[in-house]
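Contents: one structure, followed by commentary.
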Amino acid sequence: MSAMMARMIGSPSTTPLSPSPQPPSSSSQPVRAVPGGYGWPVVGPILDRLDYFWFQGPQKFFRKRMEKHKSTVFRTNVPPTFPWFLGVNPNVIAVLDVKAFSHLFDMEIVEKANVLVGDFMPSVKFTGDLRVCAYLDTSDPKHTQIKNFSLDILKRSSAIWVPSLASALDSMWDKIDAEVAKSGSASYFFPMQQFLFSFLTRCIIGADPSASPEIASSGHIMLDKWLGVQLLPTINIGILQPLEELFLHSFSYPFWLVKGDYNKLVQFVEKEGKEVIKRAQTEFNLTEQETVHNLLFILGFNAFGGFSIFLPTLLSALGDQESTGLHEKLRYEVRQKSGSNSSSLSFDSVKEMELVQSFVYETLRLNPPVPSQFARARKDFKLTSHDAVYEIKKGELLCGYQPLVMKDAKVFVESPETFLYDRFTKEKGGTELLNYLYWSNGPQTGSATAANKQCAAKEIVPLTAALFVAYLFQRYDSITISSGSITAVEKAK
């Protein structure tokens, strides 16, 4: 997901990401000064922070300011901010339509050093005193080495990806079935985290978590804590105010809170991931420490963290759509294309499931695992929105909030605020719309390479989600999902 892997076919390319197609626009747009402002020092950022986390929430925060300034491009502050983030500059230029947002992925005009979550960067102590790939700009030679290593990991794991996924899903859903039979309902979040940790550790690290009983039982909890302590200043929980502002958003938490758990994960990777580490050293010229800490970031932040957000969102969307007839349509398509046996599932088979893929893409459109994207101007340039042109100065930080950008009515013309599960089918023109689906730090029609910051997993994430959905409708004739729980299941006959 910068938020949370790689293409599963073909060799890693070094071709730069092609600019994504742009929506039609006027040939003579006016040049405007960027509206908005940052307010009084200290006071302005604090007031914006309170709106962002407490009084409005992120989406309303950006929407209100967009309406106030009558512009999708404007100046504002985003958390974290004063008083205890003295080295963090909260000033950003928000870019909230698809055309303006696309500038964040043009590596000729923006750079991405240390801006994964804005101007705030967690201490490098969380990553072995190293800046891992997510915090490096494409101009850094180390970025090229690590990005190509990441792409190679996923290319090599393609042979075991689907069977490992199916095996881990069997175990997860067997537990959920037993709990539903016993108690009438079962929460799926923690079983899903256990499944994800086991499955992703095998595919990314090349290690079996059961080699360490402690890692097998608690590895997912260790990663949760490691992620949470780093990102607390930027996370909107929205249920604990004003305690949330006082204790979660006012200062950074120290690494020592999770140091013991992180060191156990490091030792596990060093011992059980020897083959992957050796390949990184011999083929990509990385040191052992660079390899281990980047592997843990790929596993914990990108993969585990991203899927821990996305897959529960996918299940929630399924629950919300139960009364629309979607379940029956998905079940029919899945069984028509792959039968009723999970062993028949493959990347190729789910690529033939147009409705399954459309449902996955629509979930990514409205609920991207990483909602905010940032980039810093590499040089002075002119930024174009649908309605105007703005002069951006070198060093200014751009911020795009995807859940709002992806509701751009000039691109997603049909009911842009509504979840339409068939939006990305050919009948609805979905192939063209993929040019503007940016969940992966670039368009879905782009390619992740060492020359850009697009998520290495931009192909495998939606395919894995499609496999997850297909597995579900092979296994069950009916399933009821409500408020984070499975409340009824009927297994396939």
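Just remember, in the structure tokens the first chain shown is A, the second B, etc., residues are 1-based per chain, and ligands are 1-based in the order shown.
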So that I can check the surroundings of stretch 414-417 of chain A, please list as a ChimeraX atom specification every protein, DNA and RNA residue that reaches within 12 Å of it, counting only C-alpha atoms and ignoring chain neighbours fewer than 4 positions away. /A:362,365-367,403-410,421-424,428-430,433
When you look at A:Glu290 with a cut-off of 8 Å (counting only C-alpha atoms), what residues show up, excluding the ones that are within fewer than 3 positions of it in the same chain? I need them as a list in words.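 Using only C-alpha atoms, the neighbours found are Leu130, Val132, Leu286, Thr287, His293 and Asn294 of chain A.
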How close does stretch 76-144 of chain A get to stretch 297-300 of chain A? List, as JSON lines, each residue of stretch 76-144 of chain A within 12 Å, its nearest atom pair and the distance in Å to one decimal, counting only C-alpha atoms.
{"residue": "A:Val124", "atom": "CA", "partner": "A:Phe297", "partner_atom": "CA", "distance": 11.7}
{"residue": "A:Phe126", "atom": "CA", "partner": "A:Phe297", "partner_atom": "CA", "distance": 9.5}
{"residue": "A:Thr127", "atom": "CA", "partner": "A:Phe297", "partner_atom": "CA", "distance": 7.4}
{"residue": "A:Gly128", "atom": "CA", "partner": "A:Phe297", "partner_atom": "CA", "distance": 10.4}
{"residue": "A:Leu130", "atom": "CA", "partner": "A:Phe297", "partner_atom": "CA", "distance": 11.0}
{"residue": "A:Arg131", "atom": "CA", "partner": "A:Phe297", "partner_atom": "CA", "distance": 10.4}
{"residue": "A:Val132", "atom": "CA", "partner": "A:Phe297", "partner_atom": "CA", "distance": 7.4}
{"residue": "A:Cys133", "atom": "CA", "partner": "A:Phe297", "partner_atom": "CA", "distance": 8.7}
{"residue": "A:Ala134", "atom": "CA", "partner": "A:Phe297", "partner_atom": "CA", "distance": 8.6}
{"residue": "A:Tyr135", "atom": "CA", "partner": "A:Phe297", "partner_atom": "CA", "distance": 11.0}
Could those selected residues go to a file with N, CA, C and O atoms, as a PDB file, in the first residue's frame?
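Listing of part.pdb after writing:
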ATOM      1  N   VAL A 124      14.045   6.293  11.038  1.00  0.00           N
ATOM      2  CA  VAL A 124      14.657   5.160  10.334  1.00  0.00           C
ATOM      3  C   VAL A 124      14.984   4.019  11.283  1.00  0.00           C
ATOM      4  O   VAL A 124      15.325   2.917  10.828  1.00  0.00           O
ATOM      5  N   PHE A 126      12.886   2.377  12.768  1.00  0.00           N
ATOM      6  CA  PHE A 126      11.863   1.363  12.479  1.00  0.00           C
ATOM      7  C   PHE A 126      12.261   0.461  11.314  1.00  0.00           C
ATOM      8  O   PHE A 126      11.643  -0.584  11.104  1.00  0.00           O
ATOM      9  N   THR A 127      13.267   0.865  10.564  1.00  0.00           N
ATOM     10  CA  THR A 127      13.706   0.082   9.391  1.00  0.00           C
ATOM     11  C   THR A 127      15.218  -0.143   9.417  1.00  0.00           C
ATOM     12  O   THR A 127      15.893  -0.033   8.404  1.00  0.00           O
ATOM     13  N   GLY A 128      15.734  -0.460  10.592  1.00  0.00           N
ATOM     14  CA  GLY A 128      17.143  -0.843  10.704  1.00  0.00           C
ATOM     15  C   GLY A 128      18.117   0.287  10.445  1.00  0.00           C
ATOM     16  O   GLY A 128      19.237   0.049   9.971  1.00  0.00           O
ATOM     17  N   LEU A 130      17.946   2.423   8.166  1.00  0.00           N
ATOM     18  CA  LEU A 130      18.084   2.570   6.716  1.00  0.00           C
ATOM     19  C   LEU A 130      16.835   3.240   6.151  1.00  0.00           C
ATOM     20  O   LEU A 130      15.728   3.059   6.666  1.00  0.00           O
ATOM     21  N   ARG A 131      17.009   4.007   5.075  1.00  0.00           N
ATOM     22  CA  ARG A 131      15.854   4.469   4.310  1.00  0.00           C
ATOM     23  C   ARG A 131      15.523   3.376   3.302  1.00  0.00           C
ATOM     24  O   ARG A 131      16.280   3.125   2.367  1.00  0.00           O
ATOM     25  N   VAL A 132      14.399   2.721   3.490  1.00  0.00           N
ATOM     26  CA  VAL A 132      14.013   1.638   2.588  1.00  0.00           C
ATOM     27  C   VAL A 132      13.474   2.232   1.282  1.00  0.00           C
ATOM     28  O   VAL A 132      13.293   3.443   1.147  1.00  0.00           O
ATOM     29  N   CYS A 133      13.201   1.369   0.327  1.00  0.00           N
ATOM     30  CA  CYS A 133      12.879   1.796  -1.042  1.00  0.00           C
ATOM     31  C   CYS A 133      11.723   2.786  -1.106  1.00  0.00           C
ATOM     32  O   CYS A 133      11.735   3.720  -1.904  1.00  0.00           O
ATOM     33  N   ALA A 134      10.720   2.620  -0.261  1.00  0.00           N
ATOM     34  CA  ALA A 134       9.544   3.485  -0.312  1.00  0.00           C
ATOM     35  C   ALA A 134       9.879   4.947  -0.050  1.00  0.00           C
ATOM     36  O   ALA A 134       9.133   5.841  -0.464  1.00  0.00           O
ATOM     37  N   TYR A 135      10.994   5.208   0.622  1.00  0.00           N
ATOM     38  CA  TYR A 135      11.382   6.587   0.942  1.00  0.00           C
ATOM     39  C   TYR A 135      12.445   7.132  -0.008  1.00  0.00           C
ATOM     40  O   TYR A 135      12.934   8.246   0.193  1.00  0.00           O
TER      41      TYR A 135
END
Calculate how many Å separate atom CA of A:Arg65 from atom CA of A:Ala94, rounding to one decimal. 9.6 Å
Of the candidates A:Ile481, A:Val42, A:Leu154, A:Val117, which shows the shortest atom-to-atom distance to A:Leu397, using only C-alpha atoms? A:Val117
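Taking atom CA of A:Lys70 as the reference point, atom CA of A:Pro35 is found at 8.9 Å.
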d(atom CA of A:Trp256, atom CA of A:Val292) in Å: 19.1 Å
Taking only C-alpha atoms into account, produce a table as a tab-separated table in which each residue of stretch 31-107 of chain A with an atom at most 10 Å from an atom of stretch 226-233 of chain A appears once, together with its shortest atom pair and the distance in Å to one decimal, ordered by chain and rising number.
residue	atom	partner	partner_atom	distance
A:Pro79	CA	A:Pro233	CA	7.5
A:Pro80	CA	A:Pro233	CA	5.8
A:Thr81	CA	A:Pro233	CA	9.0
A:Phe85	CA	A:Pro233	CA	9.6
Selection above as a file: N, CA, C and O atoms, as a CSV table (one decimal), in the first residue's frame:
chain,number,residue,atom,x,y,z
A,79,PRO,N,-2.1,17.0,8.6
A,79,PRO,CA,-1.3,16.5,9.7
A,79,PRO,C,-0.2,15.6,9.2
A,79,PRO,O,-0.2,15.1,8.1
A,80,PRO,N,0.7,15.3,10.2
A,80,PRO,CA,0.8,15.9,11.5
A,80,PRO,C,1.4,17.3,11.5
A,80,PRO,O,2.1,17.7,10.6
A,81,THR,N,1.0,18.0,12.6
A,81,THR,CA,1.4,19.4,12.7
A,81,THR,C,1.9,19.7,14.2
A,81,THR,O,2.0,18.8,15.0
A,85,PHE,N,5.7,18.4,16.4
A,85,PHE,CA,6.3,18.0,15.1
A,85,PHE,C,7.1,19.2,14.5
A,85,PHE,O,6.7,19.7,13.4
